[in-house]
>>> print(open('upload.cif').read())   # mmCIF, N, CA and C atoms
data_work
loop_
_atom_site.label_atom_id
_atom_site.label_comp_id
_atom_site.auth_asym_id
_atom_site.auth_seq_id
_atom_site.Cartn_x
_atom_site.Cartn_y
_atom_site.Cartn_z
N MET A 1 8.91 28.22 11.34
CA MET A 1 9.84 27.13 11.47
C MET A 1 9.18 25.80 11.11
N LEU A 2 7.96 25.60 11.59
CA LEU A 2 7.24 24.36 11.30
C LEU A 2 6.92 24.25 9.82
N CYS A 3 6.53 25.37 9.22
CA CYS A 3 6.22 25.36 7.79
C CYS A 3 7.46 25.05 6.96
N ARG A 4 8.61 25.57 7.39
CA ARG A 4 9.84 25.31 6.66
C ARG A 4 10.19 23.82 6.72
N ALA A 5 9.99 23.23 7.89
CA ALA A 5 10.26 21.79 8.04
C ALA A 5 9.29 20.97 7.19
N ALA A 6 8.04 21.39 7.14
CA ALA A 6 7.05 20.67 6.32
C ALA A 6 7.39 20.78 4.84
N ARG A 7 7.82 21.96 4.40
CA ARG A 7 8.21 22.13 2.98
C ARG A 7 9.44 21.28 2.67
N ARG A 8 10.37 21.24 3.59
CA ARG A 8 11.59 20.46 3.39
C ARG A 8 11.26 18.97 3.29
N LEU A 9 10.37 18.50 4.19
CA LEU A 9 9.95 17.10 4.16
C LEU A 9 9.21 16.78 2.87
N ARG A 10 8.33 17.68 2.44
CA ARG A 10 7.58 17.46 1.20
C ARG A 10 8.51 17.38 0.00
N LYS A 11 9.51 18.27 -0.02
CA LYS A 11 10.47 18.25 -1.13
C LYS A 11 11.31 16.97 -1.09
N LYS A 12 11.69 16.54 0.11
CA LYS A 12 12.50 15.32 0.25
C LYS A 12 11.71 14.08 -0.20
N LEU A 13 10.44 14.02 0.18
CA LEU A 13 9.63 12.84 -0.14
C LEU A 13 9.22 12.81 -1.61
N GLY A 14 8.78 13.91 -2.16
CA GLY A 14 8.25 13.91 -3.52
C GLY A 14 6.88 13.23 -3.54
N ARG A 15 6.36 13.02 -4.73
CA ARG A 15 5.02 12.42 -4.85
C ARG A 15 5.01 10.96 -4.43
N ARG A 16 5.97 10.20 -4.94
CA ARG A 16 6.01 8.77 -4.63
C ARG A 16 6.31 8.54 -3.16
N GLY A 17 7.23 9.31 -2.61
CA GLY A 17 7.59 9.17 -1.21
C GLY A 17 6.44 9.52 -0.29
N ALA A 18 5.70 10.57 -0.64
CA ALA A 18 4.54 10.94 0.18
C ALA A 18 3.50 9.82 0.18
N PHE A 19 3.30 9.22 -0.99
CA PHE A 19 2.36 8.09 -1.09
C PHE A 19 2.84 6.92 -0.23
N LEU A 20 4.14 6.61 -0.33
CA LEU A 20 4.67 5.50 0.46
C LEU A 20 4.60 5.79 1.96
N ALA A 21 4.86 7.03 2.36
CA ALA A 21 4.79 7.38 3.78
C ALA A 21 3.37 7.23 4.30
N LEU A 22 2.41 7.72 3.55
CA LEU A 22 1.01 7.61 3.95
C LEU A 22 0.58 6.14 4.03
N LEU A 23 0.96 5.38 3.03
CA LEU A 23 0.63 3.96 2.99
C LEU A 23 1.31 3.20 4.14
N GLY A 24 2.57 3.54 4.41
CA GLY A 24 3.30 2.87 5.47
C GLY A 24 2.70 3.12 6.84
N VAL A 25 2.31 4.36 7.10
CA VAL A 25 1.68 4.68 8.38
C VAL A 25 0.34 3.94 8.49
N GLY A 26 -0.43 3.93 7.40
CA GLY A 26 -1.73 3.26 7.41
C GLY A 26 -1.61 1.76 7.66
N LYS A 27 -0.68 1.11 7.00
CA LYS A 27 -0.51 -0.33 7.17
C LYS A 27 -0.01 -0.66 8.58
N THR A 28 0.87 0.17 9.10
CA THR A 28 1.36 -0.05 10.46
C THR A 28 0.22 0.10 11.47
N CYS A 29 -0.58 1.12 11.32
CA CYS A 29 -1.72 1.32 12.22
C CYS A 29 -2.73 0.19 12.11
N TYR A 30 -2.97 -0.27 10.88
CA TYR A 30 -3.90 -1.39 10.68
C TYR A 30 -3.38 -2.64 11.39
N GLY A 31 -2.08 -2.90 11.28
CA GLY A 31 -1.49 -4.04 11.98
C GLY A 31 -1.57 -3.90 13.49
N LEU A 32 -1.35 -2.68 13.99
CA LEU A 32 -1.45 -2.45 15.43
C LEU A 32 -2.88 -2.69 15.93
N SER A 33 -3.86 -2.37 15.08
CA SER A 33 -5.24 -2.61 15.49
C SER A 33 -5.52 -4.10 15.68
N PHE A 34 -4.85 -4.95 14.92
CA PHE A 34 -5.00 -6.40 15.10
C PHE A 34 -4.37 -6.86 16.41
N LEU A 35 -3.33 -6.17 16.85
CA LEU A 35 -2.71 -6.50 18.13
C LEU A 35 -3.58 -6.08 19.31
N VAL A 36 -4.11 -4.87 19.22
CA VAL A 36 -4.88 -4.31 20.32
C VAL A 36 -6.23 -5.00 20.48
N ALA A 37 -6.95 -5.12 19.38
CA ALA A 37 -8.29 -5.73 19.44
C ALA A 37 -8.51 -6.55 18.17
N PRO A 38 -8.04 -7.78 18.14
CA PRO A 38 -8.18 -8.59 16.93
C PRO A 38 -9.65 -8.83 16.58
N PRO A 39 -9.99 -8.69 15.30
CA PRO A 39 -11.37 -8.94 14.87
C PRO A 39 -11.65 -10.44 14.79
N SER A 40 -12.88 -10.75 14.45
CA SER A 40 -13.20 -12.17 14.25
C SER A 40 -12.49 -12.65 12.99
N ASN A 41 -12.34 -13.93 12.88
CA ASN A 41 -11.60 -14.48 11.75
C ASN A 41 -12.50 -14.89 10.59
N HIS A 42 -13.66 -14.24 10.43
CA HIS A 42 -14.54 -14.57 9.31
C HIS A 42 -13.81 -14.39 7.99
N GLY A 43 -13.69 -15.46 7.26
CA GLY A 43 -13.03 -15.43 5.96
C GLY A 43 -11.53 -15.57 6.02
N LEU A 44 -10.97 -15.55 7.19
CA LEU A 44 -9.51 -15.64 7.32
C LEU A 44 -9.06 -16.98 7.91
N GLN A 45 -9.89 -18.01 7.74
CA GLN A 45 -9.57 -19.32 8.30
C GLN A 45 -8.27 -19.89 7.71
N LEU A 46 -7.98 -19.56 6.45
CA LEU A 46 -6.74 -20.02 5.84
C LEU A 46 -5.55 -19.51 6.65
N LEU A 47 -5.62 -18.27 7.09
CA LEU A 47 -4.52 -17.69 7.86
C LEU A 47 -4.48 -18.22 9.28
N THR A 48 -5.65 -18.34 9.90
CA THR A 48 -5.68 -18.76 11.31
C THR A 48 -5.38 -20.25 11.49
N ARG A 49 -5.31 -21.00 10.40
CA ARG A 49 -4.86 -22.39 10.50
C ARG A 49 -3.40 -22.43 10.94
N PHE A 50 -2.64 -21.44 10.51
CA PHE A 50 -1.20 -21.42 10.78
C PHE A 50 -0.87 -20.69 12.08
N CYS A 51 -1.53 -19.57 12.34
CA CYS A 51 -1.31 -18.87 13.59
C CYS A 51 -2.42 -17.84 13.81
N ASP A 52 -2.45 -17.30 15.01
CA ASP A 52 -3.46 -16.35 15.43
C ASP A 52 -3.37 -15.03 14.64
N LEU A 53 -4.48 -14.29 14.58
CA LEU A 53 -4.47 -13.01 13.87
C LEU A 53 -3.52 -12.00 14.51
N ARG A 54 -3.27 -12.15 15.80
CA ARG A 54 -2.28 -11.26 16.44
C ARG A 54 -0.90 -11.48 15.84
N HIS A 55 -0.59 -12.71 15.48
CA HIS A 55 0.69 -12.97 14.83
C HIS A 55 0.70 -12.42 13.41
N TRP A 56 -0.41 -12.54 12.71
CA TRP A 56 -0.50 -12.02 11.36
C TRP A 56 -0.42 -10.49 11.34
N SER A 57 -0.75 -9.86 12.47
CA SER A 57 -0.65 -8.41 12.51
C SER A 57 0.77 -7.94 12.29
N TRP A 58 1.74 -8.76 12.66
CA TRP A 58 3.14 -8.38 12.46
C TRP A 58 3.51 -8.31 10.99
N LEU A 59 2.79 -9.03 10.15
CA LEU A 59 3.01 -8.89 8.70
C LEU A 59 2.66 -7.47 8.26
N TRP A 60 1.50 -6.98 8.72
CA TRP A 60 1.10 -5.62 8.38
C TRP A 60 2.07 -4.60 8.96
N ILE A 61 2.48 -4.80 10.20
CA ILE A 61 3.37 -3.84 10.86
C ILE A 61 4.73 -3.81 10.18
N ALA A 62 5.31 -4.97 9.94
CA ALA A 62 6.64 -5.02 9.30
C ALA A 62 6.60 -4.43 7.89
N CYS A 63 5.60 -4.82 7.12
CA CYS A 63 5.49 -4.29 5.76
C CYS A 63 5.21 -2.78 5.78
N GLY A 64 4.44 -2.33 6.75
CA GLY A 64 4.17 -0.90 6.88
C GLY A 64 5.43 -0.12 7.20
N LEU A 65 6.26 -0.65 8.08
CA LEU A 65 7.50 0.04 8.43
C LEU A 65 8.50 0.05 7.27
N ILE A 66 8.55 -1.04 6.52
CA ILE A 66 9.41 -1.08 5.32
C ILE A 66 8.91 -0.07 4.30
N THR A 67 7.60 0.00 4.12
CA THR A 67 7.01 0.96 3.19
C THR A 67 7.31 2.38 3.63
N LEU A 68 7.14 2.67 4.90
CA LEU A 68 7.43 4.00 5.44
C LEU A 68 8.91 4.34 5.28
N GLY A 69 9.77 3.42 5.58
CA GLY A 69 11.21 3.66 5.43
C GLY A 69 11.62 3.90 3.99
N SER A 70 10.97 3.22 3.06
CA SER A 70 11.29 3.38 1.64
C SER A 70 10.83 4.72 1.09
N ALA A 71 9.97 5.40 1.82
CA ALA A 71 9.49 6.71 1.36
C ALA A 71 10.63 7.71 1.27
N PHE A 72 11.68 7.50 2.04
CA PHE A 72 12.78 8.46 2.09
C PHE A 72 13.91 8.10 1.12
N LEU A 73 13.71 7.04 0.34
CA LEU A 73 14.72 6.65 -0.65
C LEU A 73 14.44 7.32 -1.99
N ARG A 74 15.47 7.37 -2.82
CA ARG A 74 15.30 7.97 -4.14
C ARG A 74 14.42 7.10 -5.03
N VAL A 75 13.82 7.73 -6.02
CA VAL A 75 13.01 7.00 -7.00
C VAL A 75 13.91 5.97 -7.68
N GLY A 76 13.41 4.77 -7.79
CA GLY A 76 14.19 3.67 -8.35
C GLY A 76 14.72 2.77 -7.25
N ARG A 77 14.99 3.36 -6.10
CA ARG A 77 15.42 2.57 -4.95
C ARG A 77 14.27 2.32 -3.99
N ASP A 78 13.11 2.88 -4.29
CA ASP A 78 11.95 2.74 -3.42
C ASP A 78 11.10 1.52 -3.75
N TRP A 79 11.61 0.65 -4.61
CA TRP A 79 10.84 -0.52 -5.05
C TRP A 79 10.48 -1.44 -3.89
N ALA A 80 11.36 -1.53 -2.88
CA ALA A 80 11.07 -2.42 -1.75
C ALA A 80 9.83 -1.96 -0.99
N GLY A 81 9.61 -0.65 -0.95
CA GLY A 81 8.43 -0.13 -0.28
C GLY A 81 7.15 -0.52 -1.00
N PHE A 82 7.17 -0.44 -2.32
CA PHE A 82 5.99 -0.83 -3.09
C PHE A 82 5.77 -2.34 -2.99
N LEU A 83 6.84 -3.11 -3.01
CA LEU A 83 6.71 -4.56 -2.87
C LEU A 83 6.16 -4.92 -1.50
N ALA A 84 6.70 -4.30 -0.45
CA ALA A 84 6.22 -4.57 0.90
C ALA A 84 4.76 -4.15 1.06
N ALA A 85 4.38 -3.07 0.42
CA ALA A 85 2.99 -2.61 0.51
C ALA A 85 2.02 -3.58 -0.15
N LEU A 86 2.49 -4.32 -1.14
CA LEU A 86 1.63 -5.28 -1.85
C LEU A 86 1.36 -6.57 -1.07
N ILE A 87 2.28 -6.95 -0.22
CA ILE A 87 2.21 -8.27 0.41
C ILE A 87 0.97 -8.46 1.29
N PRO A 88 0.73 -7.63 2.31
CA PRO A 88 -0.42 -7.91 3.19
C PRO A 88 -1.78 -7.93 2.48
N PRO A 89 -2.11 -6.94 1.63
CA PRO A 89 -3.43 -7.03 0.99
C PRO A 89 -3.55 -8.21 0.03
N THR A 90 -2.45 -8.62 -0.56
CA THR A 90 -2.50 -9.78 -1.44
C THR A 90 -2.77 -11.05 -0.63
N VAL A 91 -2.11 -11.18 0.52
CA VAL A 91 -2.34 -12.34 1.39
C VAL A 91 -3.79 -12.36 1.87
N TRP A 92 -4.31 -11.20 2.28
CA TRP A 92 -5.69 -11.13 2.76
C TRP A 92 -6.67 -11.45 1.62
N ALA A 93 -6.42 -10.93 0.43
CA ALA A 93 -7.30 -11.22 -0.71
C ALA A 93 -7.29 -12.71 -1.03
N LEU A 94 -6.13 -13.33 -0.96
CA LEU A 94 -6.03 -14.77 -1.20
C LEU A 94 -6.83 -15.55 -0.16
N ALA A 95 -6.71 -15.15 1.10
CA ALA A 95 -7.44 -15.85 2.18
C ALA A 95 -8.95 -15.72 1.99
N TYR A 96 -9.41 -14.53 1.63
CA TYR A 96 -10.85 -14.34 1.41
C TYR A 96 -11.34 -15.12 0.18
N THR A 97 -10.52 -15.19 -0.86
CA THR A 97 -10.90 -15.95 -2.05
C THR A 97 -11.01 -17.44 -1.73
N VAL A 98 -10.06 -17.96 -0.97
CA VAL A 98 -10.11 -19.37 -0.56
C VAL A 98 -11.36 -19.62 0.29
N ALA A 99 -11.71 -18.66 1.15
CA ALA A 99 -12.89 -18.82 2.01
C ALA A 99 -14.17 -18.89 1.19
N VAL A 100 -14.22 -18.15 0.07
CA VAL A 100 -15.40 -18.21 -0.80
C VAL A 100 -15.53 -19.59 -1.41
N PHE A 101 -14.43 -20.10 -1.96
CA PHE A 101 -14.48 -21.41 -2.62
C PHE A 101 -14.67 -22.55 -1.63
N ALA A 102 -14.24 -22.36 -0.40
CA ALA A 102 -14.45 -23.39 0.62
C ALA A 102 -15.86 -23.33 1.20
N GLY A 103 -16.59 -22.26 0.90
CA GLY A 103 -17.94 -22.11 1.41
C GLY A 103 -17.99 -21.57 2.83
N ASP A 104 -16.87 -21.04 3.32
CA ASP A 104 -16.81 -20.53 4.70
C ASP A 104 -17.32 -19.09 4.83
N TYR A 105 -17.18 -18.31 3.77
CA TYR A 105 -17.49 -16.89 3.88
C TYR A 105 -17.93 -16.39 2.51
N SER A 106 -19.23 -16.37 2.28
CA SER A 106 -19.74 -16.00 0.95
C SER A 106 -19.44 -14.56 0.58
N ARG A 107 -19.35 -13.69 1.55
CA ARG A 107 -19.06 -12.28 1.31
C ARG A 107 -17.58 -12.04 0.97
N GLY A 108 -16.76 -13.04 1.17
CA GLY A 108 -15.32 -12.93 0.98
C GLY A 108 -14.90 -12.52 -0.41
N GLY A 109 -15.67 -12.89 -1.42
CA GLY A 109 -15.32 -12.51 -2.79
C GLY A 109 -15.32 -11.00 -2.97
N PHE A 110 -16.29 -10.34 -2.35
CA PHE A 110 -16.37 -8.89 -2.45
C PHE A 110 -15.23 -8.23 -1.68
N VAL A 111 -14.91 -8.80 -0.53
CA VAL A 111 -13.80 -8.27 0.27
C VAL A 111 -12.48 -8.47 -0.48
N ALA A 112 -12.32 -9.63 -1.11
CA ALA A 112 -11.11 -9.89 -1.88
C ALA A 112 -10.98 -8.92 -3.05
N LEU A 113 -12.09 -8.67 -3.75
CA LEU A 113 -12.05 -7.70 -4.84
C LEU A 113 -11.73 -6.29 -4.34
N TRP A 114 -12.22 -5.96 -3.16
CA TRP A 114 -11.92 -4.67 -2.57
C TRP A 114 -10.43 -4.54 -2.29
N TYR A 115 -9.82 -5.58 -1.70
CA TYR A 115 -8.38 -5.55 -1.45
C TYR A 115 -7.60 -5.46 -2.77
N LEU A 116 -8.05 -6.22 -3.76
CA LEU A 116 -7.32 -6.24 -5.03
C LEU A 116 -7.41 -4.93 -5.80
N THR A 117 -8.54 -4.24 -5.68
CA THR A 117 -8.68 -2.97 -6.42
C THR A 117 -8.18 -1.79 -5.63
N SER A 118 -8.70 -1.59 -4.41
CA SER A 118 -8.36 -0.39 -3.66
C SER A 118 -6.98 -0.45 -3.00
N HIS A 119 -6.42 -1.61 -2.88
CA HIS A 119 -5.08 -1.72 -2.30
C HIS A 119 -4.06 -2.10 -3.37
N VAL A 120 -4.16 -3.31 -3.87
CA VAL A 120 -3.17 -3.81 -4.81
C VAL A 120 -3.16 -2.98 -6.10
N GLY A 121 -4.33 -2.70 -6.65
CA GLY A 121 -4.39 -1.92 -7.89
C GLY A 121 -3.84 -0.52 -7.73
N VAL A 122 -4.18 0.14 -6.65
CA VAL A 122 -3.69 1.51 -6.41
C VAL A 122 -2.18 1.50 -6.19
N ILE A 123 -1.67 0.53 -5.47
CA ILE A 123 -0.22 0.45 -5.23
C ILE A 123 0.52 0.21 -6.54
N LEU A 124 0.00 -0.69 -7.38
CA LEU A 124 0.64 -0.94 -8.67
C LEU A 124 0.60 0.30 -9.55
N TRP A 125 -0.52 1.01 -9.53
CA TRP A 125 -0.61 2.25 -10.31
C TRP A 125 0.40 3.28 -9.81
N ALA A 126 0.47 3.47 -8.49
CA ALA A 126 1.36 4.47 -7.92
C ALA A 126 2.82 4.13 -8.17
N SER A 127 3.14 2.85 -8.22
CA SER A 127 4.53 2.46 -8.47
C SER A 127 4.96 2.79 -9.90
N ALA A 128 4.00 2.94 -10.79
CA ALA A 128 4.32 3.26 -12.18
C ALA A 128 4.28 4.76 -12.48
N VAL A 129 3.83 5.55 -11.52
CA VAL A 129 3.76 7.00 -11.73
C VAL A 129 5.15 7.58 -11.59
N PRO A 130 5.59 8.35 -12.59
CA PRO A 130 6.91 8.97 -12.47
C PRO A 130 6.89 10.08 -11.42
N GLU A 131 8.04 10.35 -10.84
CA GLU A 131 8.12 11.40 -9.82
C GLU A 131 7.73 12.75 -10.39
N TYR A 132 8.27 13.08 -11.53
CA TYR A 132 7.93 14.34 -12.20
C TYR A 132 7.61 14.01 -13.64
N SER A 133 6.45 14.45 -14.10
CA SER A 133 6.10 14.21 -15.49
C SER A 133 6.46 15.46 -16.29
N VAL A 134 7.08 15.24 -17.39
CA VAL A 134 7.53 16.33 -18.24
C VAL A 134 6.43 16.63 -19.25
N PRO A 135 6.03 17.91 -19.35
CA PRO A 135 4.98 18.24 -20.32
C PRO A 135 5.51 18.08 -21.74
N SER A 136 4.61 17.76 -22.66
CA SER A 136 5.02 17.59 -24.05
C SER A 136 5.42 18.95 -24.62
N PRO A 137 6.41 18.95 -25.52
CA PRO A 137 6.85 20.23 -26.07
C PRO A 137 5.76 20.87 -26.92
N VAL A 138 5.72 22.18 -26.90
CA VAL A 138 4.73 22.92 -27.68
C VAL A 138 5.30 23.06 -29.09
N ARG A 139 4.52 22.66 -30.08
CA ARG A 139 4.98 22.73 -31.46
C ARG A 139 4.50 24.02 -32.08
N ALA A 140 5.34 24.61 -32.88
CA ALA A 140 4.97 25.83 -33.58
C ALA A 140 3.93 25.51 -34.65
N ARG A 141 3.02 26.42 -34.84
CA ARG A 141 2.02 26.21 -35.89
C ARG A 141 2.65 26.40 -37.25
N ARG A 142 2.08 25.78 -38.21
CA ARG A 142 2.57 25.86 -39.57
C ARG A 142 2.48 27.30 -40.07
N GLY A 143 3.59 27.79 -40.58
CA GLY A 143 3.62 29.14 -41.13
C GLY A 143 3.87 30.21 -40.09
N LYS A 144 3.98 29.85 -38.87
CA LYS A 144 4.25 30.82 -37.80
C LYS A 144 5.69 30.68 -37.34
N ALA A 145 6.31 31.77 -37.00
CA ALA A 145 7.68 31.72 -36.48
C ALA A 145 7.62 31.28 -35.02
N ALA A 146 8.62 30.55 -34.63
CA ALA A 146 8.65 30.05 -33.27
C ALA A 146 9.05 31.06 -32.26
#
>>> encode(input="upload.cif", output="structure tokens")
Amino acid sequence: MLCRAARRLRKKLGRRGAFLALLGVGKTCYGLSFLVAPPSNHGLQLLTRFCDLRHWSWLWIACGLITLGSAFLRVGRDWAGFLAALIPPTVWALAYTVAVFAGDYSRGGFVALWYLTSHVGVILWASAVPEYSVPSPVRARRGKAA
């Protein structure tokens, strides 16, 4: 019974949906970690000027839930999930980049590049992956009957 439900869920989600579901759960958990035990604000001074990191955690949580919810939508309608998934890492990368130029956090450039490649880049790549790729047709060889 459990295996049947797992197969049904996998078929319903597809490749893009499974990616969005995984990403949505991860972003939501990451946001919850900021609520439970907020880290130091090294490199995030741009964000903490406006409000506490506990408040910023709701950005991760909300975007994670939107991403998770979009996993169950059809391809083409799941764009909101990919957009929501891009927002938090882009904001964090921007904050770390500003911290580098302000001289507040010299390591911030590496952290910003990490967010831009392993988060933003992967999300952009996954958003462009088709749900099902069609193999190229096999061509008959010259002089051979098909």
>>> resolve_selection(input="upload.cif", expression="the PyMOL selection byres (((chain A and resi 111 and name CA) around 12) and name CA)", output="compact mmCIF listing (two decimals) with N, CA and C atoms, in the coordinates of the input")
# COMPACT_ATOMS: atom_id res chain seq x y z
N HIS A 42 -13.66 -14.24 10.43
CA HIS A 42 -14.54 -14.57 9.31
C HIS A 42 -13.81 -14.39 7.99
N GLY A 43 -13.69 -15.46 7.26
CA GLY A 43 -13.03 -15.43 5.96
C GLY A 43 -11.53 -15.57 6.02
N LEU A 44 -10.97 -15.55 7.19
CA LEU A 44 -9.51 -15.64 7.32
C LEU A 44 -9.06 -16.98 7.91
N PRO A 89 -2.11 -6.94 1.63
CA PRO A 89 -3.43 -7.03 0.99
C PRO A 89 -3.55 -8.21 0.03
N THR A 90 -2.45 -8.62 -0.56
CA THR A 90 -2.50 -9.78 -1.44
C THR A 90 -2.77 -11.05 -0.63
N TRP A 92 -4.31 -11.20 2.28
CA TRP A 92 -5.69 -11.13 2.76
C TRP A 92 -6.67 -11.45 1.62
N ALA A 93 -6.42 -10.93 0.43
CA ALA A 93 -7.30 -11.22 -0.71
C ALA A 93 -7.29 -12.71 -1.03
N LEU A 94 -6.13 -13.33 -0.96
CA LEU A 94 -6.03 -14.77 -1.20
C LEU A 94 -6.83 -15.55 -0.16
N ALA A 95 -6.71 -15.15 1.10
CA ALA A 95 -7.44 -15.85 2.18
C ALA A 95 -8.95 -15.72 1.99
N TYR A 96 -9.41 -14.53 1.63
CA TYR A 96 -10.85 -14.34 1.41
C TYR A 96 -11.34 -15.12 0.18
N THR A 97 -10.52 -15.19 -0.86
CA THR A 97 -10.90 -15.95 -2.05
C THR A 97 -11.01 -17.44 -1.73
N VAL A 98 -10.06 -17.96 -0.97
CA VAL A 98 -10.11 -19.37 -0.56
C VAL A 98 -11.36 -19.62 0.29
N ALA A 99 -11.71 -18.66 1.15
CA ALA A 99 -12.89 -18.82 2.01
C ALA A 99 -14.17 -18.89 1.19
N VAL A 100 -14.22 -18.15 0.07
CA VAL A 100 -15.40 -18.21 -0.80
C VAL A 100 -15.53 -19.59 -1.41
N TYR A 105 -17.18 -18.31 3.77
CA TYR A 105 -17.49 -16.89 3.88
C TYR A 105 -17.93 -16.39 2.51
N SER A 106 -19.23 -16.37 2.28
CA SER A 106 -19.74 -16.00 0.95
C SER A 106 -19.44 -14.56 0.58
N ARG A 107 -19.35 -13.69 1.55
CA ARG A 107 -19.06 -12.28 1.31
C ARG A 107 -17.58 -12.04 0.97
N GLY A 108 -16.76 -13.04 1.17
CA GLY A 108 -15.32 -12.93 0.98
C GLY A 108 -14.90 -12.52 -0.41
N GLY A 109 -15.67 -12.89 -1.42
CA GLY A 109 -15.32 -12.51 -2.79
C GLY A 109 -15.32 -11.00 -2.97
N PHE A 110 -16.29 -10.34 -2.35
CA PHE A 110 -16.37 -8.89 -2.45
C PHE A 110 -15.23 -8.23 -1.68
N ALA A 112 -12.32 -9.63 -1.11
CA ALA A 112 -11.11 -9.89 -1.88
C ALA A 112 -10.98 -8.92 -3.05
N LEU A 113 -12.09 -8.67 -3.75
CA LEU A 113 -12.05 -7.70 -4.84
C LEU A 113 -11.73 -6.29 -4.34
N TRP A 114 -12.22 -5.96 -3.16
CA TRP A 114 -11.92 -4.67 -2.57
C TRP A 114 -10.43 -4.54 -2.29
N TYR A 115 -9.82 -5.58 -1.70
CA TYR A 115 -8.38 -5.55 -1.45
C TYR A 115 -7.60 -5.46 -2.77
N LEU A 116 -8.05 -6.22 -3.76
CA LEU A 116 -7.32 -6.24 -5.03
C LEU A 116 -7.41 -4.93 -5.80
N THR A 117 -8.54 -4.24 -5.68
CA THR A 117 -8.68 -2.97 -6.42
C THR A 117 -8.18 -1.79 -5.63
N SER A 118 -8.70 -1.59 -4.41
CA SER A 118 -8.36 -0.39 -3.66
C SER A 118 -6.98 -0.45 -3.00
N HIS A 119 -6.42 -1.61 -2.88
CA HIS A 119 -5.08 -1.72 -2.30
C HIS A 119 -4.06 -2.10 -3.37
>>> atom_distance(input="upload.cif", atom1="atom C of A:Gly24", atom2="atom N of A:Leu65")
5.3 Å
>>> residues_around(input="upload.cif", residues="A:Ala21", least_positions_apart="5", cutoff="6.5 Å", atoms="all atoms listed in the file", output="JSON, numbers by chain")
{"A": [16, 26, 67, 68, 71]}
>>> closest_residue(input="upload.cif", among="A:Ile61, A:Ala84, A:Leu2, A:Trp79", to="A:Leu32", atoms="all atoms listed in the file")
A:Ile61
>>> residues_around(input="upload.cif", residues="A:Leu13", least_positions_apart="5", cutoff="9 Å", atoms="only C-alpha atoms", output="list in words")
Arg8, Ala18, Phe19, Leu20, Ala21, Ala71, Phe72, Leu73 and Arg74 of chain A
>>> resolve_selection(input="upload.cif", expression="the PyMOL selection byres (((chain A and resi 28 and name CA) around 6) and name CA)", output="list in words")
Val25, Gly26, Lys27, Cys29, Tyr30, Gly31, Trp60, Ile61 and Gly64 of chain A
>>> resolve_selection(input="upload.cif", expression="the PyMOL selection byres (((chain A and resi 130 and name CA) around 12) and name CA)", output="list in words")
Gly14, Arg15, Arg16, Gly17, Arg74, Val75, Gly76, Trp125, Ala126, Ser127, Ala128, Val129, Glu131, Tyr132, Ser133 and Val134 of chain A
>>> atom_distance(input="upload.cif", atom1="atom N of A:Ala80", atom2="atom N of A:Lys12")
18.3 Å
